[in-house]
Amino acid sequence: MQAIRIETGKAYDVLVENGGLFTLGERTLAACEGASRVLLVADDTVDALYGKTAETSLTSAGLAVSRFVFPHGEASKTVSTYLSLISRLAAERFTRSDILVALGGGVTGDLTGFAAATYLRGIRFVQVPTTVLAAVDSSVGGKTAVDLPEGKNLLGAFHQPSLVLLDPNTFDTLPKDTFADGIAEAIKTGIIGDPVLFSLLESGQAAPIAEVVARSIALKGRIVAEDEREGGLRQLLNLGHTVAHAVELLSGMTVTHGHAVAIGISVIAHASEKAGLCDASLPARIDRALQNNGLPTTCPYAAEALLDAMLSDKKRSGDALTLIIPRKIGVCERVKLPLGQLVPFLQKGLEG
Ligand SMILES: NC(=O)c1ccc[n+]([C@@H]2O[C@H](COP(=O)([O-])OP(=O)(O)OC[C@H]3O[C@@H](n4cnc5c(N)ncnc54)[C@H](O)[C@@H]3O)[C@@H](O)[C@H]2O)c1
Ligand SMILES: [Zn+2]
């Protein structure tokens, strides 16, 4: 078992252990002193696969368990699902000492986290991420949210979990593309600050997934601890994301987030190399790592279209855009680019 301490305002542990799901009850009790009741939240797919195991472990530890199951997919990350979750808590008279457990991917984690952040002005919750994306990304940092018709993640709060328990065995049932989506974020994390993590994913050999997620979490944890409310350093985690959001938008959300991130990282790496900002070997290494993990590296859209989509992104400030530029594997920097230079910069990136 690996334990990674996340030193946010309220510190907590991420435990990574094969078979960890069977220890959920005892670990939850140890992390949430005085808890007696649990609402176990999962989507229908994850509930069918792991709901029973999770419930049995929680019950065996002496916790009283109710279950809340909702249809899988981003379409459920809404105010309406959130309100039915809150109504269940109220109807069952959950108190401040009771807890929520999120069993599933990022949708379940974000939805449950937001309910925990707001019910009775905040109760404790435990995350059990079952996608690689939720493991390496959404389980660290305390961002919780639901979507509004006007846009993704517009209604949310920062609320740290009391514990994250990660059982890499649960990744065995992930569809190939969903697994790869999370690996894109792990490759991104390696490029930002962990050359060993990057090498694990570069070779094309099946990487030891427990080590990959543990290293990704440790690095994200360090960045988030230094910049809990996203003032500066945390922006490094946006490597490839400005282009990725544009690709997602232009594709009508048919390109998944991780696949879009892969395209974004590749475009930025090629553009940076052409602009003389990074090692000449960097784009080829990055493309190899992405392709070896079943991820795309070619962008189907032109630079002008990307820029239009980028300008509708909320992270823009004034007449410049801040991009994260990879200098070499393990070192990235924030660079402010005037809008006028963006199209030629991206064009170079698209030439590959
Ligand atoms: N809070 C944050 O910091 C943060 C960071 C990144 C992403 N997110 C959010 O995360 C969400 C995306 O996360 P996601 O990709 O995990 O989505 P998800 O939760 O919808 O999971 C993807 C699909 O995989 C299925 N699934 C989950 N675990 C499984 C398993 N072990 N075996 C088989 N199927 C399984 C789910 O039922 C779902 O259909 C987005 O809403 C995004 O906004 C949040
Ligand atoms: Zn991302």
# chains A, B, ... in the order shown; residues from 1 in each chain; ligands from 1
call {"tool": "residues_around", "arguments": {"residues": "Thr242 of chain A", "least_positions_apart": "6", "cutoff": "12 Å", "atoms": "only C-alpha atoms", "output": "ChimeraX atom specification"}}
result
/A:235-236,248-249,257,260-265,267-268,306-316,321-325,342,346
call {"tool": "residues_near_ligand", "arguments": {"ligand": "ligand 2", "cutoff": "12 Å", "atoms": "only C-alpha atoms and all ligand atoms", "output": "JSON, numbers by chain"}}
result
{"A": [106, 132, 133, 134, 135, 136, 137, 138, 181, 182, 183, 184, 185, 186, 187, 188, 189, 220, 235, 236, 237, 238, 239, 240, 241, 242, 243, 244, 245, 248, 256, 257, 258, 259, 260, 261, 262, 263, 264, 265]}
call {"tool": "residues_near_ligand", "arguments": {"ligand": "ligand 1", "cutoff": "6 Å", "atoms": "only C-alpha atoms and all ligand atoms", "output": "compact mmCIF listing (two decimals) with N, CA and C atoms, in the first residue's frame"}}
result
# COMPACT_ATOMS: atom_id res chain seq x y z
N ASP A 43 -22.66 5.70 -10.08
CA ASP A 43 -23.52 5.63 -11.26
C ASP A 43 -23.92 4.17 -11.48
N THR A 45 -23.44 1.96 -13.83
CA THR A 45 -22.41 1.03 -14.31
C THR A 45 -21.49 0.61 -13.16
N VAL A 46 -21.00 1.60 -12.43
CA VAL A 46 -20.06 1.32 -11.35
C VAL A 46 -20.77 0.61 -10.19
N HIS A 72 -25.24 6.73 -15.59
CA HIS A 72 -23.85 7.13 -15.84
C HIS A 72 -23.75 8.21 -16.90
N GLY A 73 -22.65 8.95 -16.85
CA GLY A 73 -22.37 9.93 -17.91
C GLY A 73 -22.46 11.37 -17.44
N GLU A 74 -21.78 12.24 -18.20
CA GLU A 74 -21.72 13.67 -17.89
C GLU A 74 -23.12 14.29 -17.81
N GLY A 104 -16.67 5.91 -7.99
CA GLY A 104 -16.81 6.04 -9.44
C GLY A 104 -15.81 6.99 -10.05
N GLY A 105 -16.17 7.48 -11.24
CA GLY A 105 -15.28 8.38 -11.98
C GLY A 105 -15.44 9.82 -11.54
N GLY A 106 -14.95 10.72 -12.39
CA GLY A 106 -14.96 12.15 -12.07
C GLY A 106 -16.36 12.72 -11.92
N VAL A 107 -17.32 12.18 -12.67
CA VAL A 107 -18.70 12.68 -12.56
C VAL A 107 -19.22 12.41 -11.15
N THR A 108 -19.06 11.20 -10.68
CA THR A 108 -19.53 10.84 -9.34
C THR A 108 -18.78 11.64 -8.27
N ASP A 110 -17.26 14.61 -8.54
CA ASP A 110 -17.61 16.04 -8.56
C ASP A 110 -18.99 16.28 -7.96
N THR A 130 -12.68 5.27 -9.56
CA THR A 130 -12.60 4.01 -10.31
C THR A 130 -12.21 4.23 -11.77
N THR A 131 -11.95 5.50 -12.17
CA THR A 131 -11.34 5.73 -13.49
C THR A 131 -9.94 6.29 -13.24
N LEU A 133 -8.70 8.75 -14.78
CA LEU A 133 -8.83 10.21 -14.76
C LEU A 133 -9.21 10.71 -13.37
N ALA A 134 -10.18 10.07 -12.76
CA ALA A 134 -10.59 10.49 -11.42
C ALA A 134 -9.45 10.29 -10.43
N ASP A 137 -6.53 12.93 -11.41
CA ASP A 137 -6.89 14.33 -11.58
C ASP A 137 -7.90 14.80 -10.56
N SER A 138 -9.15 14.28 -10.63
CA SER A 138 -10.20 14.90 -9.83
C SER A 138 -10.15 14.52 -8.35
N GLY A 141 -7.13 17.99 -5.10
CA GLY A 141 -7.30 19.40 -5.39
C GLY A 141 -8.58 19.99 -4.83
N LYS A 143 -11.59 20.30 -5.99
CA LYS A 143 -12.60 20.99 -6.81
C LYS A 143 -13.82 20.09 -6.93
N THR A 144 -14.99 20.66 -6.66
CA THR A 144 -16.24 19.90 -6.82
C THR A 144 -17.19 20.77 -7.62
N THR A 170 -9.72 -1.91 -9.89
CA THR A 170 -11.00 -1.51 -10.48
C THR A 170 -10.82 -0.98 -11.91
N PHE A 171 -9.57 -0.63 -12.26
CA PHE A 171 -9.35 -0.14 -13.64
C PHE A 171 -9.46 -1.28 -14.67
N THR A 173 -11.79 -3.12 -15.46
CA THR A 173 -13.06 -3.19 -16.21
C THR A 173 -13.31 -1.95 -17.06
N LEU A 174 -12.35 -1.01 -17.08
CA LEU A 174 -12.55 0.23 -17.86
C LEU A 174 -12.48 -0.04 -19.36
call {"tool": "closest_residue", "arguments": {"among": "A:Ala30, A:Val79, A:Gly20, A:Val224", "to": "Ser57 of chain A", "atoms": "only C-alpha atoms"}}
result
A:Gly20
call {"tool": "residues_around", "arguments": {"residues": "Leu21 of chain A", "least_positions_apart": "3", "cutoff": "9 Å", "atoms": "only C-alpha atoms", "output": "PyMOL selection string"}}
result
chain A and resi 17-18+24-25+50+53-54+57+128+165-167+169-170
call {"tool": "write_last_selection", "arguments": {"atoms": "N, CA and C atoms", "output": "tab-separated table (two decimals), in the first residue's frame"}}
result
chain	number	residue	atom	x	y	z
A	17	GLU	N	-3.90	0.98	-3.26
A	17	GLU	CA	-3.68	-0.42	-2.89
A	17	GLU	C	-4.53	-1.35	-3.75
A	18	ASN	N	-3.87	-2.33	-4.38
A	18	ASN	CA	-4.64	-3.35	-5.09
A	18	ASN	C	-5.51	-4.08	-4.09
A	24	LEU	N	-12.49	-0.68	2.43
A	24	LEU	CA	-13.12	0.64	2.45
A	24	LEU	C	-13.73	0.98	3.82
A	25	GLY	N	-14.43	0.01	4.43
A	25	GLY	CA	-15.12	0.28	5.70
A	25	GLY	C	-14.16	0.70	6.80
A	50	TYR	N	-19.17	-2.66	-8.64
A	50	TYR	CA	-18.46	-2.57	-7.35
A	50	TYR	C	-19.31	-2.14	-6.15
A	53	THR	N	-19.57	-4.82	-3.24
A	53	THR	CA	-18.31	-4.98	-2.50
A	53	THR	C	-18.09	-3.80	-1.55
A	54	ALA	N	-18.35	-2.59	-2.08
A	54	ALA	CA	-18.16	-1.40	-1.24
A	54	ALA	C	-19.12	-1.42	-0.06
A	57	SER	N	-18.15	-3.96	2.65
A	57	SER	CA	-17.02	-3.53	3.47
A	57	SER	C	-17.45	-2.47	4.49
A	128	VAL	N	-13.65	7.22	-3.77
A	128	VAL	CA	-13.09	5.97	-4.26
A	128	VAL	C	-13.09	6.06	-5.79
A	165	LEU	N	-9.46	6.61	-1.41
A	165	LEU	CA	-9.01	5.22	-1.42
A	165	LEU	C	-9.07	4.71	-2.85
A	166	LEU	N	-7.91	4.30	-3.34
A	166	LEU	CA	-7.81	3.98	-4.75
A	166	LEU	C	-7.39	2.52	-4.93
A	167	ASP	N	-8.24	1.77	-5.59
A	167	ASP	CA	-7.94	0.36	-5.83
A	167	ASP	C	-7.69	0.16	-7.33
A	169	ASN	N	-7.12	-2.23	-9.10
A	169	ASN	CA	-7.79	-3.39	-9.71
A	169	ASN	C	-9.11	-3.00	-10.38
A	170	THR	N	-9.72	-1.91	-9.89
A	170	THR	CA	-11.00	-1.51	-10.48
A	170	THR	C	-10.82	-0.98	-11.91
call {"tool": "residues_around", "arguments": {"residues": "Arg285 of chain A", "least_positions_apart": "3", "cutoff": "12 Å", "atoms": "only C-alpha atoms", "output": "ChimeraX atom specification"}}
result
/A:187,191,195,198-199,201-204,265-266,269-270,279-282,288-292,297,328-329
call {"tool": "write_last_selection", "arguments": {"atoms": "N, CA and C atoms", "output": "PDB file, in the first residue's frame"}}
result
ATOM      1  N   ILE A 187       0.472  11.472 -18.481  1.00  0.00           N
ATOM      2  CA  ILE A 187       1.589  11.893 -19.348  1.00  0.00           C
ATOM      3  C   ILE A 187       1.815  13.393 -19.163  1.00  0.00           C
ATOM      4  N   ILE A 191       5.240  15.387 -17.916  1.00  0.00           N
ATOM      5  CA  ILE A 191       5.906  16.481 -18.655  1.00  0.00           C
ATOM      6  C   ILE A 191       6.064  17.708 -17.749  1.00  0.00           C
ATOM      7  N   PRO A 195      10.082  13.343 -14.729  1.00  0.00           N
ATOM      8  CA  PRO A 195      10.642  12.586 -15.852  1.00  0.00           C
ATOM      9  C   PRO A 195      10.542  11.070 -15.664  1.00  0.00           C
ATOM     10  N   PHE A 198       7.130  10.082 -16.740  1.00  0.00           N
ATOM     11  CA  PHE A 198       7.046  10.149 -18.199  1.00  0.00           C
ATOM     12  C   PHE A 198       7.687   8.919 -18.825  1.00  0.00           C
ATOM     13  N   SER A 199       8.868   8.526 -18.331  1.00  0.00           N
ATOM     14  CA  SER A 199       9.536   7.352 -18.928  1.00  0.00           C
ATOM     15  C   SER A 199       8.719   6.081 -18.748  1.00  0.00           C
ATOM     16  N   LEU A 201       5.700   5.797 -19.004  1.00  0.00           N
ATOM     17  CA  LEU A 201       4.606   5.777 -19.972  1.00  0.00           C
ATOM     18  C   LEU A 201       5.086   5.870 -21.416  1.00  0.00           C
ATOM     19  N   GLU A 202       6.381   6.117 -21.583  1.00  0.00           N
ATOM     20  CA  GLU A 202       6.918   6.394 -22.913  1.00  0.00           C
ATOM     21  C   GLU A 202       7.154   5.124 -23.725  1.00  0.00           C
ATOM     22  N   SER A 203       7.490   4.042 -23.023  1.00  0.00           N
ATOM     23  CA  SER A 203       8.051   2.885 -23.723  1.00  0.00           C
ATOM     24  C   SER A 203       7.046   2.079 -24.528  1.00  0.00           C
ATOM     25  N   GLY A 204       5.785   2.157 -24.178  1.00  0.00           N
ATOM     26  CA  GLY A 204       4.828   1.322 -24.890  1.00  0.00           C
ATOM     27  C   GLY A 204       4.618  -0.016 -24.205  1.00  0.00           C
ATOM     28  N   ILE A 265      -1.512  18.738 -26.069  1.00  0.00           N
ATOM     29  CA  ILE A 265      -0.106  18.643 -25.646  1.00  0.00           C
ATOM     30  C   ILE A 265       0.797  18.522 -26.867  1.00  0.00           C
ATOM     31  N   SER A 266       0.373  17.690 -27.827  1.00  0.00           N
ATOM     32  CA  SER A 266       1.189  17.483 -29.013  1.00  0.00           C
ATOM     33  C   SER A 266       1.332  18.789 -29.815  1.00  0.00           C
ATOM     34  N   ALA A 269       3.642  21.175 -28.009  1.00  0.00           N
ATOM     35  CA  ALA A 269       5.040  20.726 -28.029  1.00  0.00           C
ATOM     36  C   ALA A 269       5.681  21.049 -29.389  1.00  0.00           C
ATOM     37  N   HIS A 270       4.959  20.743 -30.471  1.00  0.00           N
ATOM     38  CA  HIS A 270       5.505  21.038 -31.805  1.00  0.00           C
ATOM     39  C   HIS A 270       5.674  22.545 -32.006  1.00  0.00           C
ATOM     40  N   ASP A 279      13.682  21.705 -26.269  1.00  0.00           N
ATOM     41  CA  ASP A 279      14.580  20.722 -26.902  1.00  0.00           C
ATOM     42  C   ASP A 279      14.007  20.234 -28.234  1.00  0.00           C
ATOM     43  N   ALA A 280      14.867  20.018 -29.208  1.00  0.00           N
ATOM     44  CA  ALA A 280      14.409  19.552 -30.524  1.00  0.00           C
ATOM     45  C   ALA A 280      13.780  18.159 -30.443  1.00  0.00           C
ATOM     46  N   SER A 281      14.228  17.346 -29.468  1.00  0.00           N
ATOM     47  CA  SER A 281      13.727  15.965 -29.400  1.00  0.00           C
ATOM     48  C   SER A 281      12.379  15.862 -28.671  1.00  0.00           C
ATOM     49  N   LEU A 282      11.948  16.963 -28.077  1.00  0.00           N
ATOM     50  CA  LEU A 282      10.772  16.886 -27.192  1.00  0.00           C
ATOM     51  C   LEU A 282       9.471  16.458 -27.894  1.00  0.00           C
ATOM     52  N   ARG A 288       5.440   9.998 -29.142  1.00  0.00           N
ATOM     53  CA  ARG A 288       5.624   8.551 -28.954  1.00  0.00           C
ATOM     54  C   ARG A 288       4.885   8.083 -27.697  1.00  0.00           C
ATOM     55  N   ALA A 289       5.027   8.840 -26.627  1.00  0.00           N
ATOM     56  CA  ALA A 289       4.362   8.455 -25.368  1.00  0.00           C
ATOM     57  C   ALA A 289       2.841   8.418 -25.559  1.00  0.00           C
ATOM     58  N   LEU A 290       2.316   9.429 -26.236  1.00  0.00           N
ATOM     59  CA  LEU A 290       0.859   9.487 -26.430  1.00  0.00           C
ATOM     60  C   LEU A 290       0.393   8.327 -27.314  1.00  0.00           C
ATOM     61  N   GLN A 291       1.081   8.154 -28.450  1.00  0.00           N
ATOM     62  CA  GLN A 291       0.659   7.100 -29.391  1.00  0.00           C
ATOM     63  C   GLN A 291       0.804   5.708 -28.782  1.00  0.00           C
ATOM     64  N   ASN A 292       1.855   5.494 -28.014  1.00  0.00           N
ATOM     65  CA  ASN A 292       2.054   4.186 -27.386  1.00  0.00           C
ATOM     66  C   ASN A 292       0.960   3.858 -26.377  1.00  0.00           C
ATOM     67  N   THR A 297      -2.497  12.287 -31.815  1.00  0.00           N
ATOM     68  CA  THR A 297      -1.568  13.413 -31.807  1.00  0.00           C
ATOM     69  C   THR A 297      -1.828  14.370 -32.973  1.00  0.00           C
ATOM     70  N   LYS A 328      11.510  21.125 -21.272  1.00  0.00           N
ATOM     71  CA  LYS A 328      12.018  19.755 -21.443  1.00  0.00           C
ATOM     72  C   LYS A 328      11.156  18.856 -20.569  1.00  0.00           C
ATOM     73  N   ILE A 329      11.348  17.543 -20.642  1.00  0.00           N
ATOM     74  CA  ILE A 329      10.505  16.667 -19.835  1.00  0.00           C
ATOM     75  C   ILE A 329      10.771  16.972 -18.360  1.00  0.00           C
TER      76      ILE A 329
END
call {"tool": "atom_distance", "arguments": {"atom1": "atom CA of Arg96 of chain A", "atom2": "atom CA of Leu39 of chain A"}}
result
12.6 Å
call {"tool": "closest_residue", "arguments": {"among": "A:Thr112, A:Thr56, A:Thr254, A:Thr8", "to": "Leu89 of chain A", "atoms": "only C-alpha atoms"}}
result
A:Thr112
call {"tool": "select_by_dssp", "arguments": {"residues": "segment 135-331 of chain A", "states": "helix (DSSP H, G or I)", "output": "ChimeraX atom specification"}}
result
/A:135-138,168-173,176-193,195-202,209-226,233-238,241-250,257-274,282-292,303-311
call {"tool": "atom_distance", "arguments": {"atom1": "atom CA of Ile6 of chain A", "atom2": "atom CA of Ile209 of chain A"}}
result
19.9 Å
call {"tool": "select_by_dssp", "arguments": {"residues": "segment 98-316 of chain A", "states": "strand (DSSP E)", "output": "PyMOL selection string"}}
result
chain A and resi 99-104+124-129+143-148+151-158+163-166
